[in-house]
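K.L.:
Contents are mmCIF, C-alpha atoms; file name input-v7.cif:
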data_my_file
#
loop_
_atom_site.label_atom_id
_atom_site.label_comp_id
_atom_site.auth_asym_id
_atom_site.auth_seq_id
_atom_site.Cartn_x
_atom_site.Cartn_y
_atom_site.Cartn_z
CA MET A 1 0.00 0.00 0.00
CA THR A 2 1.29 3.43 -0.83
CA THR A 3 -1.63 5.21 0.85
CA GLU A 4 -3.59 4.94 4.04
CA THR A 5 -6.95 3.30 3.93
CA PHE A 6 -9.77 5.68 4.74
CA THR A 7 -10.19 6.89 8.29
CA PRO A 8 -12.77 9.68 8.51
CA VAL A 9 -10.86 11.41 11.28
CA ASP A 10 -7.11 11.78 10.98
CA ALA A 11 -6.40 12.12 14.64
CA ALA A 12 -2.64 12.57 14.55
CA PHE A 13 -2.57 16.32 14.01
CA ASP A 14 -6.09 17.18 15.17
CA ASP A 15 -4.91 19.23 18.11
CA LEU A 16 -3.13 21.53 15.66
CA LEU A 17 -6.41 22.65 14.09
CA GLU A 18 -8.19 25.75 15.37
CA ILE A 19 -11.58 24.62 14.09
CA ASP A 20 -13.58 22.05 16.02
CA ALA A 21 -13.90 18.42 14.91
CA ALA A 22 -17.54 18.81 13.85
CA THR A 23 -16.59 21.68 11.51
CA ALA A 24 -13.61 19.76 10.12
CA ASP A 25 -15.97 16.85 9.41
CA LEU A 26 -18.66 19.10 7.87
CA LEU A 27 -16.28 20.90 5.52
CA PHE A 28 -13.86 18.12 4.58
CA ARG A 29 -13.53 14.89 6.47
CA GLU A 30 -17.05 13.49 6.33
CA ALA A 31 -18.33 15.53 3.37
CA ARG A 32 -18.70 13.43 0.24
CA THR A 33 -19.25 13.90 -3.47
CA VAL A 34 -23.00 13.29 -3.81
CA ASN A 35 -24.72 11.73 -6.82
CA THR A 36 -28.30 11.37 -5.57
CA PHE A 37 -30.19 14.12 -3.75
CA VAL A 38 -33.55 14.37 -1.99
CA ASP A 39 -36.23 16.11 -4.05
CA GLU A 40 -36.27 19.38 -2.13
CA ALA A 41 -35.69 22.88 -3.50
CA VAL A 42 -32.42 24.63 -2.62
CA PRO A 43 -33.20 28.28 -1.81
CA ASP A 44 -31.18 31.03 -3.48
CA GLU A 45 -30.43 32.42 -0.01
CA LYS A 46 -28.32 29.37 0.83
CA ILE A 47 -26.27 29.80 -2.33
CA GLN A 48 -25.86 33.47 -1.54
CA ALA A 49 -24.83 32.67 2.05
CA ALA A 50 -22.11 30.39 0.65
CA TYR A 51 -20.93 33.04 -1.80
CA ASP A 52 -21.07 35.87 0.74
CA LEU A 53 -18.79 33.82 2.99
CA VAL A 54 -16.18 32.79 0.43
CA ARG A 55 -15.99 35.97 -1.61
CA TRP A 56 -13.49 37.19 1.01
CA GLY A 57 -10.99 34.53 -0.06
CA PRO A 58 -7.91 35.84 -1.89
CA THR A 59 -7.68 36.12 -5.69
CA ALA A 60 -4.91 37.61 -7.85
CA LEU A 61 -5.16 41.42 -7.60
CA ASN A 62 -8.63 40.99 -6.05
CA THR A 63 -10.01 40.18 -9.49
CA LEU A 64 -12.77 37.81 -8.26
CA PRO A 65 -13.31 36.20 -11.69
CA LEU A 66 -15.62 33.38 -10.49
CA ARG A 67 -19.14 33.53 -11.94
CA LEU A 68 -22.11 31.32 -11.07
CA PHE A 69 -24.68 30.22 -13.63
CA ILE A 70 -27.56 28.86 -11.57
CA VAL A 71 -29.82 26.52 -13.51
CA ARG A 72 -33.40 26.22 -12.19
CA ASP A 73 -35.51 26.24 -15.36
CA ALA A 74 -36.32 22.73 -16.63
CA ALA A 75 -35.73 23.60 -20.28
CA ALA A 76 -32.33 25.15 -19.49
CA ARG A 77 -31.45 22.09 -17.42
CA ALA A 78 -32.22 19.86 -20.40
CA ARG A 79 -30.06 22.04 -22.68
CA LEU A 80 -27.19 21.89 -20.18
CA THR A 81 -27.46 18.13 -19.82
CA GLU A 82 -26.94 17.69 -23.57
CA HIS A 83 -23.34 18.84 -23.06
CA LEU A 84 -22.56 16.56 -20.11
CA GLY A 85 -20.83 13.20 -20.27
CA ASP A 86 -23.22 10.25 -20.42
CA GLY A 87 -22.51 9.28 -16.82
CA ASN A 88 -23.49 12.76 -15.62
CA LYS A 89 -26.78 13.26 -17.49
CA ALA A 90 -29.37 11.37 -15.42
CA LYS A 91 -28.07 12.53 -12.05
CA THR A 92 -28.04 16.15 -13.20
CA LEU A 93 -31.58 15.98 -14.55
CA ALA A 94 -32.65 14.61 -11.15
CA ALA A 95 -30.66 17.05 -8.98
CA PRO A 96 -32.58 19.82 -7.18
CA LEU A 97 -30.10 22.50 -8.32
CA THR A 98 -27.21 22.69 -10.75
CA ILE A 99 -24.61 25.47 -10.90
CA VAL A 100 -22.12 25.98 -13.72
CA ALA A 101 -19.05 27.63 -12.17
CA ALA A 102 -17.33 29.81 -14.76
CA ALA A 103 -14.49 32.30 -15.17
CA ASP A 104 -15.05 35.81 -16.54
CA PRO A 105 -12.26 36.98 -18.90
CA ASN A 106 -13.78 40.46 -18.61
CA PHE A 107 -13.09 40.69 -14.88
CA HIS A 108 -11.07 43.83 -15.59
CA GLU A 109 -14.26 45.84 -16.09
CA HIS A 110 -14.66 45.81 -12.29
CA LEU A 111 -11.08 46.73 -11.35
CA ALA A 112 -11.71 50.43 -10.81
CA VAL A 113 -13.87 49.34 -7.87
CA LEU A 114 -12.07 46.14 -6.79
CA ALA A 115 -8.53 47.50 -7.00
CA PRO A 116 -8.79 51.30 -6.93
CA HIS A 117 -5.11 51.59 -5.90
CA MET A 118 -3.99 50.11 -9.25
CA GLU A 119 -4.35 53.11 -11.47
CA GLY A 120 -5.02 52.28 -15.10
CA ALA A 121 -5.39 48.55 -14.42
CA ARG A 122 -8.59 48.28 -16.46
CA GLU A 123 -6.91 49.82 -19.50
CA ARG A 124 -3.77 47.67 -19.18
CA PHE A 125 -5.79 44.46 -18.98
CA ASP A 126 -7.93 45.61 -21.86
CA ALA A 127 -4.78 46.05 -23.96
CA ALA A 128 -3.36 42.70 -22.78
CA GLY A 129 -6.15 40.91 -24.63
CA GLU A 130 -8.71 38.24 -23.93
CA GLU A 131 -6.35 35.27 -24.10
CA MET A 132 -4.10 36.64 -21.34
CA ARG A 133 -7.09 37.65 -19.26
CA GLY A 134 -8.75 34.28 -19.84
CA GLY A 135 -5.77 32.37 -18.45
CA MET A 136 -5.56 34.62 -15.43
CA ALA A 137 -9.31 34.42 -14.85
CA ARG A 138 -9.24 30.63 -15.06
CA THR A 139 -6.47 30.32 -12.44
CA SER A 140 -8.11 32.52 -9.81
CA ALA A 141 -11.64 31.30 -10.53
CA LEU A 142 -10.61 27.65 -10.03
CA ILE A 143 -9.10 28.55 -6.66
CA GLN A 144 -12.44 30.26 -5.91
CA VAL A 145 -14.24 27.03 -6.90
CA GLY A 146 -12.31 25.39 -4.06
CA TYR A 147 -13.51 28.09 -1.65
CA PHE A 148 -17.07 27.84 -2.98
CA ILE A 149 -17.34 24.08 -2.48
CA VAL A 150 -16.25 24.67 1.13
CA GLY A 151 -18.78 27.52 1.40
CA LEU A 152 -21.68 25.40 0.14
CA ARG A 153 -20.82 22.80 2.77
CA ALA A 154 -20.60 25.54 5.40
CA ALA A 155 -24.17 26.45 4.40
CA GLY A 156 -25.22 22.86 5.08
CA LEU A 157 -25.40 21.85 1.41
CA HIS A 158 -23.75 18.91 -0.32
CA VAL A 159 -22.09 19.00 -3.71
CA GLY A 160 -21.57 16.69 -6.67
CA PRO A 161 -18.83 18.31 -8.80
CA MET A 162 -18.50 17.11 -12.42
CA GLY A 163 -15.60 17.72 -14.77
CA GLY A 164 -17.00 15.46 -17.48
CA PHE A 165 -18.69 17.90 -19.89
CA ASP A 166 -18.10 19.70 -23.17
CA ALA A 167 -16.97 23.13 -21.96
CA ALA A 168 -16.96 24.69 -25.43
CA GLY A 169 -20.49 23.39 -25.98
CA VAL A 170 -21.74 24.83 -22.66
CA ASP A 171 -20.05 28.17 -23.40
CA ALA A 172 -21.64 28.37 -26.87
CA GLU A 173 -25.04 27.37 -25.48
CA PHE A 174 -25.19 29.80 -22.55
CA PHE A 175 -22.28 32.25 -22.56
CA ALA A 176 -22.13 33.49 -26.17
CA GLU A 177 -23.05 37.00 -25.00
CA ASN A 178 -21.22 37.45 -21.71
CA GLY A 179 -18.07 35.52 -22.65
CA TRP A 180 -17.91 33.41 -19.47
CA LYS A 181 -15.85 30.21 -19.69
CA SER A 182 -17.28 27.18 -17.88
CA LEU A 183 -14.96 25.44 -15.39
CA ILE A 184 -16.97 22.80 -13.57
CA VAL A 185 -20.60 21.77 -13.08
CA LEU A 186 -21.91 21.33 -9.54
CA ASN A 187 -25.06 19.52 -8.49
CA VAL A 188 -26.20 20.85 -5.12
CA GLY A 189 -28.64 19.66 -2.47
CA THR A 190 -29.19 17.24 0.39
CA PRO A 191 -27.97 13.63 0.01
CA ALA A 192 -30.65 10.96 -0.48
CA GLY A 193 -29.46 8.72 2.36
CA GLU A 194 -26.96 5.86 2.07
CA GLY A 195 -25.91 5.06 -1.48
CA ALA A 196 -26.03 8.76 -2.41
CA SER A 197 -22.25 8.60 -2.73
CA HIS A 198 -19.82 5.98 -3.99
CA PRO A 199 -17.70 4.19 -1.36
CA ARG A 200 -14.94 6.50 -0.18
CA GLN A 201 -11.55 6.05 -1.76
CA THR A 202 -8.13 6.56 -0.18
CA ARG A 203 -6.11 9.77 -0.31
CA LEU A 204 -2.40 10.41 -0.81
CA ARG A 205 -0.40 10.96 2.35
CA PHE A 206 1.43 14.23 3.09
CA ASP A 207 4.81 12.58 2.44
CA GLU A 208 3.56 11.42 -0.98
CA VAL A 209 2.57 14.90 -2.16
CA SER A 210 5.25 17.07 -0.54
CA LEU A 211 8.94 17.70 -0.95
CA THR A 212 10.88 19.82 1.54
CA VAL A 213 14.17 21.51 0.65
CA MET B 1 -20.95 52.25 -6.35
CA THR B 2 -21.42 48.87 -7.93
CA THR B 3 -20.15 46.96 -4.89
CA GLU B 4 -20.59 47.10 -1.16
CA THR B 5 -17.86 48.67 0.88
CA PHE B 6 -16.13 46.26 3.21
CA THR B 7 -18.00 44.91 6.18
CA PRO B 8 -16.09 42.08 7.85
CA VAL B 9 -19.28 40.30 8.79
CA ASP B 10 -22.04 39.96 6.23
CA ALA B 11 -24.86 39.52 8.65
CA ALA B 12 -27.77 39.14 6.22
CA PHE B 13 -27.47 35.39 5.62
CA ASP B 14 -25.42 34.45 8.68
CA ASP B 15 -28.16 32.34 10.19
CA LEU B 16 -28.01 30.13 7.10
CA LEU B 17 -24.44 29.02 7.88
CA GLU B 18 -23.82 25.86 9.90
CA ILE B 19 -20.39 27.00 11.04
CA ASP B 20 -20.06 29.49 13.89
CA ALA B 21 -19.15 33.14 13.33
CA ALA B 22 -15.64 32.74 14.77
CA THR B 23 -14.90 29.96 12.27
CA ALA B 24 -16.37 31.96 9.37
CA ASP B 25 -14.13 34.86 10.38
CA LEU B 26 -11.04 32.63 10.78
CA LEU B 27 -11.42 30.92 7.41
CA PHE B 28 -12.74 33.76 5.24
CA ARG B 29 -14.21 36.95 6.62
CA GLU B 30 -11.38 38.29 8.75
CA ALA B 31 -8.54 36.34 7.17
CA ARG B 32 -6.32 38.53 5.03
CA THR B 33 -3.55 38.18 2.48
CA VAL B 34 -0.43 38.75 4.57
CA ASN B 35 2.76 40.38 3.33
CA THR B 36 4.79 40.65 6.56
CA PHE B 37 5.17 37.84 9.07
CA VAL B 38 6.70 37.49 12.52
CA ASP B 39 10.10 35.78 12.51
CA GLU B 40 8.97 32.46 13.95
CA ALA B 41 9.40 29.01 12.41
CA VAL B 42 6.31 27.27 10.99
CA PRO B 43 6.45 23.60 12.00
CA ASP B 44 5.95 20.92 9.34
CA GLU B 45 3.24 19.43 11.54
CA LYS B 46 1.01 22.48 10.99
CA ILE B 47 1.39 22.17 7.21
CA GLN B 48 0.61 18.48 7.48
CA ALA B 49 -2.43 19.19 9.66
CA ALA B 50 -3.72 21.54 6.94
CA TYR B 51 -3.07 18.98 4.20
CA ASP B 52 -4.52 16.07 6.18
CA LEU B 53 -7.72 18.07 6.58
CA VAL B 54 -8.19 19.21 2.99
CA ARG B 55 -7.02 16.09 1.17
CA TRP B 56 -10.59 14.81 1.62
CA GLY B 57 -11.90 17.54 -0.68
CA PRO B 58 -13.17 16.34 -4.08
CA THR B 59 -10.97 16.16 -7.21
CA ALA B 60 -11.77 14.77 -10.66
CA LEU B 61 -11.71 10.95 -10.43
CA ASN B 62 -9.96 11.29 -7.04
CA THR B 63 -6.73 12.20 -8.85
CA LEU B 64 -5.36 14.51 -6.08
CA PRO B 65 -2.83 16.21 -8.37
CA LEU B 66 -1.80 18.98 -5.91
CA ARG B 67 1.84 18.84 -4.85
CA LEU B 68 3.60 20.97 -2.24
CA PHE B 69 7.21 22.13 -2.61
CA ILE B 70 8.15 23.39 0.84
CA VAL B 71 11.10 25.76 0.82
CA ARG B 72 13.07 25.97 4.09
CA ASP B 73 16.70 26.03 2.93
CA ALA B 74 18.07 29.58 2.55
CA ALA B 75 19.89 28.83 -0.69
CA ALA B 76 16.79 27.28 -2.25
CA ARG B 77 14.75 30.29 -1.08
CA ALA B 78 17.18 32.61 -2.84
CA ARG B 79 16.95 30.53 -6.04
CA LEU B 80 13.15 30.62 -5.89
CA THR B 81 13.10 34.36 -5.32
CA GLU B 82 15.02 34.94 -8.55
CA HIS B 83 11.89 33.82 -10.44
CA LEU B 84 9.41 36.01 -8.54
CA GLY B 85 8.13 39.39 -9.64
CA ASP B 86 10.06 42.31 -8.17
CA GLY B 87 7.26 43.18 -5.76
CA ASN B 88 7.31 39.65 -4.33
CA LYS B 89 11.06 39.17 -3.75
CA ALA B 90 11.77 40.96 -0.46
CA LYS B 91 8.67 39.71 1.33
CA THR B 92 9.39 36.13 0.27
CA LEU B 93 13.01 36.29 1.44
CA ALA B 94 11.71 37.55 4.81
CA ALA B 95 8.81 35.06 5.17
CA PRO B 96 9.24 32.22 7.69
CA LEU B 97 8.04 29.62 5.18
CA THR B 98 7.29 29.53 1.47
CA ILE B 99 5.40 26.79 -0.37
CA VAL B 100 5.21 26.39 -4.14
CA ALA B 101 1.87 24.73 -4.89
CA ALA B 102 2.16 22.65 -8.05
CA ALA B 103 0.23 20.20 -10.23
CA ASP B 104 1.54 16.75 -11.06
CA PRO B 105 0.85 15.66 -14.68
CA ASN B 106 1.90 12.16 -13.62
CA PHE B 107 -0.97 11.82 -11.15
CA HIS B 108 -2.06 8.74 -13.06
CA GLU B 109 0.76 6.70 -11.53
CA HIS B 110 -1.30 6.62 -8.30
CA LEU B 111 -4.66 5.70 -9.84
CA ALA B 112 -4.46 1.97 -9.14
CA VAL B 113 -4.62 2.94 -5.46
CA LEU B 114 -6.73 6.13 -5.64
CA ALA B 115 -9.37 4.82 -8.05
CA PRO B 116 -9.16 1.02 -7.95
CA HIS B 117 -12.65 0.73 -9.46
CA MET B 118 -11.48 2.35 -12.73
CA GLU B 119 -9.79 -0.60 -14.34
CA GLY B 120 -7.01 0.33 -16.74
CA ALA B 121 -7.17 4.04 -15.85
CA ARG B 122 -3.41 4.33 -15.44
CA GLU B 123 -2.82 2.91 -18.89
CA ARG B 124 -5.49 5.07 -20.55
CA PHE B 125 -4.07 8.27 -19.00
CA ASP B 126 -0.58 7.17 -19.97
CA ALA B 127 -1.73 6.84 -23.58
CA ALA B 128 -3.60 10.17 -23.44
CA GLY B 129 -0.28 11.99 -23.09
CA GLU B 130 1.24 14.61 -20.86
CA GLU B 131 -0.55 17.61 -22.37
CA MET B 132 -4.00 16.17 -21.69
CA ARG B 133 -2.96 15.07 -18.21
CA GLY B 134 -1.33 18.43 -17.51
CA GLY B 135 -4.55 20.33 -18.22
CA MET B 136 -6.58 17.99 -16.08
CA ALA B 137 -4.01 18.14 -13.27
CA ARG B 138 -3.98 21.95 -13.36
CA THR B 139 -7.78 22.19 -13.04
CA SER B 140 -8.12 19.88 -10.03
CA ALA B 141 -4.91 21.10 -8.36
CA LEU B 142 -6.08 24.74 -8.48
CA ILE B 143 -9.34 23.74 -6.83
CA GLN B 144 -7.19 21.98 -4.21
CA VAL B 145 -5.20 25.21 -3.76
CA GLY B 146 -8.49 26.79 -2.69
CA TYR B 147 -9.04 24.01 -0.16
CA PHE B 148 -5.42 24.25 1.03
CA ILE B 149 -5.56 27.99 1.72
CA VAL B 150 -8.66 27.30 3.83
CA GLY B 151 -6.81 24.42 5.53
CA LEU B 152 -3.79 26.54 6.42
CA ARG B 153 -6.13 29.06 8.03
CA ALA B 154 -7.92 26.25 9.86
CA ALA B 155 -4.49 25.33 11.27
CA GLY B 156 -4.13 28.89 12.56
CA LEU B 157 -1.71 30.01 9.86
CA HIS B 158 -1.96 33.01 7.57
CA VAL B 159 -1.14 33.04 3.89
CA GLY B 160 0.28 35.46 1.34
CA PRO B 161 -0.52 33.94 -2.10
CA MET B 162 1.46 35.26 -5.09
CA GLY B 163 0.67 34.76 -8.76
CA GLY B 164 3.43 37.07 -9.93
CA PHE B 165 6.29 34.71 -10.82
CA ASP B 166 7.88 33.02 -13.82
CA ALA B 167 6.28 29.58 -13.69
CA ALA B 168 8.46 28.11 -16.45
CA GLY B 169 11.55 29.38 -14.63
CA VAL B 170 10.48 27.83 -11.32
CA ASP B 171 9.65 24.54 -13.06
CA ALA B 172 13.06 24.42 -14.78
CA GLU B 173 14.84 25.34 -11.53
CA PHE B 174 13.15 22.83 -9.24
CA PHE B 175 10.92 20.41 -11.14
CA ALA B 176 13.05 19.27 -14.09
CA GLU B 177 13.09 15.73 -12.73
CA ASN B 178 9.61 15.20 -11.29
CA GLY B 179 7.71 17.19 -13.95
CA TRP B 180 5.59 19.19 -11.49
CA LYS B 181 4.07 22.43 -12.83
CA SER B 182 4.03 25.38 -10.44
CA LEU B 183 0.64 27.06 -9.88
CA ILE B 184 1.04 29.63 -7.12
CA VAL B 185 3.57 30.60 -4.46
CA LEU B 186 2.37 30.91 -0.85
CA ASN B 187 4.16 32.66 1.99
CA VAL B 188 2.96 31.20 5.29
CA GLY B 189 3.22 32.26 8.92
CA THR B 190 1.83 34.59 11.58
CA PRO B 191 1.09 38.23 10.63
CA ALA B 192 3.45 40.87 12.01
CA GLY B 193 0.73 43.04 13.56
CA GLU B 194 -1.01 45.95 11.87
CA GLY B 195 0.34 46.87 8.47
CA ALA B 196 1.03 43.19 7.69
CA SER B 197 -1.74 43.42 5.09
CA HIS B 198 -2.88 46.10 2.67
CA PRO B 199 -6.19 47.83 3.45
CA ARG B 200 -9.07 45.51 2.59
CA GLN B 201 -10.72 46.03 -0.77
CA THR B 202 -14.37 45.52 -1.69
CA ARG B 203 -15.84 42.35 -3.13
CA LEU B 204 -18.42 41.77 -5.87
CA ARG B 205 -21.95 41.13 -4.66
CA PHE B 206 -23.81 37.88 -5.33
CA ASP B 207 -26.06 39.58 -7.90
CA GLU B 208 -22.95 40.83 -9.75
CA VAL B 209 -21.42 37.37 -10.17
CA SER B 210 -24.50 35.19 -10.63
CA LEU B 211 -27.14 34.59 -13.28
CA THR B 212 -30.18 32.44 -12.63
CA VAL B 213 -32.17 30.79 -15.41
#
Produce structure tokens that represent the structure in this file.
P.N.:
Amino acid sequence: MTTETFTPVDAAFDDLLEIDAATADLLFREARTVNTFVDEAVPDEKIQAAYDLVRWGPTALNTLPLRLFIVRDAAARARLTEHLGDGNKAKTLAAPLTIVAAADPNFHEHLAVLAPHMEGARERFDAAGEEMRGGMARTSALIQVGYFIVGLRAAGLHVGPMGGFDAAGVDAEFFAENGWKSLIVLNVGTPAGEGASHPRQTRLRFDEVSLTV
Amino acid sequence: MTTETFTPVDAAFDDLLEIDAATADLLFREARTVNTFVDEAVPDEKIQAAYDLVRWGPTALNTLPLRLFIVRDAAARARLTEHLGDGNKAKTLAAPLTIVAAADPNFHEHLAVLAPHMEGARERFDAAGEEMRGGMARTSALIQVGYFIVGLRAAGLHVGPMGGFDAAGVDAEFFAENGWKSLIVLNVGTPAGEGASHPRQTRLRFDEVSLTV
């Protein structure tokens, strides 16, 4: 074995955490990727509570490029599902709420407000072009996706993230006007009991992912 | 104004969070990007406590591509600093600990253990090539960077993330053998009192970053 088998609580370094065990479990240790949810609406306020919490997380130059495309309408859901991998279609059609997390290459339009100390930043990013801005937006927005998944869990929600979809197809279908670039699709809700998640798999140990010099 | 001015606590939806206010403040609302740290060693155990917590966060196919290059040696620190933007050099030389977060395009070597149910996954990803794997590794590892910043804060540490560096230069300097791709550089430690961070800037509101259909 090169990894530990699953133990929901890694006790060894627990006393080094400044959050309590129940919070550590809620946000990371017992939270699971969920495939099957109870049929119960997820209120917008819960999504906003998650966003309002995590929007304080750091991004490059305070650019905040993460955008959230919240799919409630049944017809829009069906259009989205067309662009998902086969294994992701049925569970997305059945989920109470689906969010497409995206990056906004036009984040620079907000910089006069978000970074008022950086004089002329909007103009410099405008001149730098969409490809440069798109790469930068993608990097920070993906880090924000990490915060947002934590935030949804902090709001008591569970998440089923999916990378298996045709991003160019989703962007053409929904983002032709605003230019957003889809990053990941998240089903959101309350797990439908046991069997809502696959059995938990192992994780790499600290010594397997780190090098110290 | 298109955004709210800074209020450390967004009270409106607080009662929708299942974590307490002190934890919300520790992880997001009062945590700040730190530029100046007290001169006090950061023990490996705290970094491991942060990793052990957040390694349970979801990644595509449980690939866990995030890698941590922990720079303690003074000579290595100086070599790293050569590849940072001018504004990031002095503060990194003075930081008690610096971590280069990276993505591993050879994540597939672990899949027999991490995803034993996906028969032949290692071989399929091997055949798919390094460019495909590199893109996939970057996406999941950046999401893990989001988790990891939260984890460091959960371990009572503060973070100064920096995107301003020559990634190709860092990769050639340190990762020529293992093939890791640097994503972001994090200074880590305890803030040196007031003035350790810049004044807090505003954030975009939920209605500015979201669209509901």
K.L.:
Env of stretch 28-36 of chain B: 7 Å cut, atoms = all atoms listed in the file, seq-sep filter 3 positions within chain, self excluded. Answer as a list in words.
P.N.:
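Close residues of stretch 28-36 of chain B: Leu53, Val54, Trp56, Gly57 and Pro58 of chain A; Pro8, Val9, Ala24, Asp25, Lys91, His158, Val159, Gly160, Pro161, Pro191, Ala192, Ala196 and Ser197 of chain B.
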K.L.:
I need the output of the PyMOL selection byres ((chain A and resi 118-123) around 12) for this file as a list in words; which residues are they?
P.N.:
Leu61, Asn62, Thr63, Asn106, Phe107, His108, Glu109, His110, Leu111, Ala112, Val113, Leu114, Ala115, Pro116, His117, Arg124, Phe125, Asp126, Ala127, Ala128, Gly129 and Arg133 of chain A; Gln201 of chain B
K.L.:
Kindly provide, as an MDAnalysis selection string, the polymer residues lying within 10 Å of (-23.4, 33.5, 3.0), counting only C-alpha atoms and using the coordinates exactly as they appear in the file.
P.N.:
(chainID A and resid 45:55 151:152 154:155) or (chainID B and resid 9:17 24 206)
K.L.:
If you apply the PyMOL selection byres ((chain A and resi 92) around 12) to this file, what residues do you get, as an MDAnalysis selection string?
P.N.:
chainID A and resid 34:37 71:72 74 76:91 93:100 159:162 164:165 185:189
K.L.:
Nearest residue to chain A out of B:Glu130, B:Glu173, B:Glu194, B:Asp207, using only C-alpha atoms?
P.N.:
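Using only C-alpha atoms, the shortest distance to chain A belongs to B:Asp207.
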K.L.:
Go through A:Asp73, A:Glu177, A:Asp20, A:Glu131 one by one, measure the shortest atom-to-atom distance of each to chain B using all atoms listed in the file, and give the residue with the smallest value.
P.N.:
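For chain B, the nearest of the candidates is A:Asp73.
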K.L.:
Calculate how many Å separate atom CA of B:Leu64 from atom CA of A:Arg200, rounding to one decimal.
P.N.:
13.8 Å
K.L.:
Skipping near chain neighbours, those fewer than 3 positions away, what residues fall within 9 Å of A:Arg138 using only C-alpha atoms, listed as number ranges by chain?
P.N.:
A: 65-66, 102-105, 133-135, 141-143, 181, 183; B: 139
K.L.:
Would you compute, for all listed atoms of stretch 170-181 of chain A, the axis-aligned bounding box grown by 4 Å on each side, and then report its centre and edge lengths in Å rounded to one decimal, as JSON?
P.N.:
{"center_x": -20.5, "center_y": 31.1, "center_z": -23.2, "size_x": 17.3, "size_y": 20.6, "size_z": 15.4}
K.L.:
Report the residues retrieved by the PyMOL selection byres ((chain A and resi 146) around 6) from the displayed file, expressed as a VMD selection string.
P.N.:
(chain A and resid 143 to 145 147 to 149) or (chain B and resid 143 146 to 147)
K.L.:
Take the selection from the previous step and output its residues with C-alpha atoms, as an mmCIF file, keeping the file's coordinate frame.
P.N.:
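Generated output (part-v3.cif):
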data_model
loop_
_atom_site.group_PDB
_atom_site.id
_atom_site.type_symbol
_atom_site.label_atom_id
_atom_site.label_comp_id
_atom_site.auth_asym_id
_atom_site.auth_seq_id
_atom_site.Cartn_x
_atom_site.Cartn_y
_atom_site.Cartn_z
ATOM 1 C CA ILE A 143 -9.100 28.550 -6.660
ATOM 2 C CA GLN A 144 -12.440 30.260 -5.910
ATOM 3 C CA VAL A 145 -14.240 27.030 -6.900
ATOM 4 C CA TYR A 147 -13.510 28.090 -1.650
ATOM 5 C CA PHE A 148 -17.070 27.840 -2.980
ATOM 6 C CA ILE A 149 -17.340 24.080 -2.480
ATOM 7 C CA ILE B 143 -9.340 23.740 -6.830
ATOM 8 C CA GLY B 146 -8.490 26.790 -2.690
ATOM 9 C CA TYR B 147 -9.040 24.010 -0.160
#
K.L.:
Here is a test: counting only C-alpha atoms, which residue of B:Ala21, B:Ala167, B:Phe174, B:Leu68 is nearest to chain A?
P.N.:
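Between B:Ala21, B:Ala167, B:Phe174, B:Leu68, the residue approaching chain A most closely is B:Leu68.
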K.L.:
What does the distance between atom CA of A:Ala101 and atom CA of A:Ile70 come to in Å, to one decimal place?
P.N.:
8.6 Å
K.L.:
Using only C-alpha atoms, pick whichever of B:Gly156, B:Gly163, B:Gly179, B:Gly195 has the shortest atom-to-atom distance to A:Glu18.
P.N.:
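The answer is B:Gly156, which sits nearest to A:Glu18.
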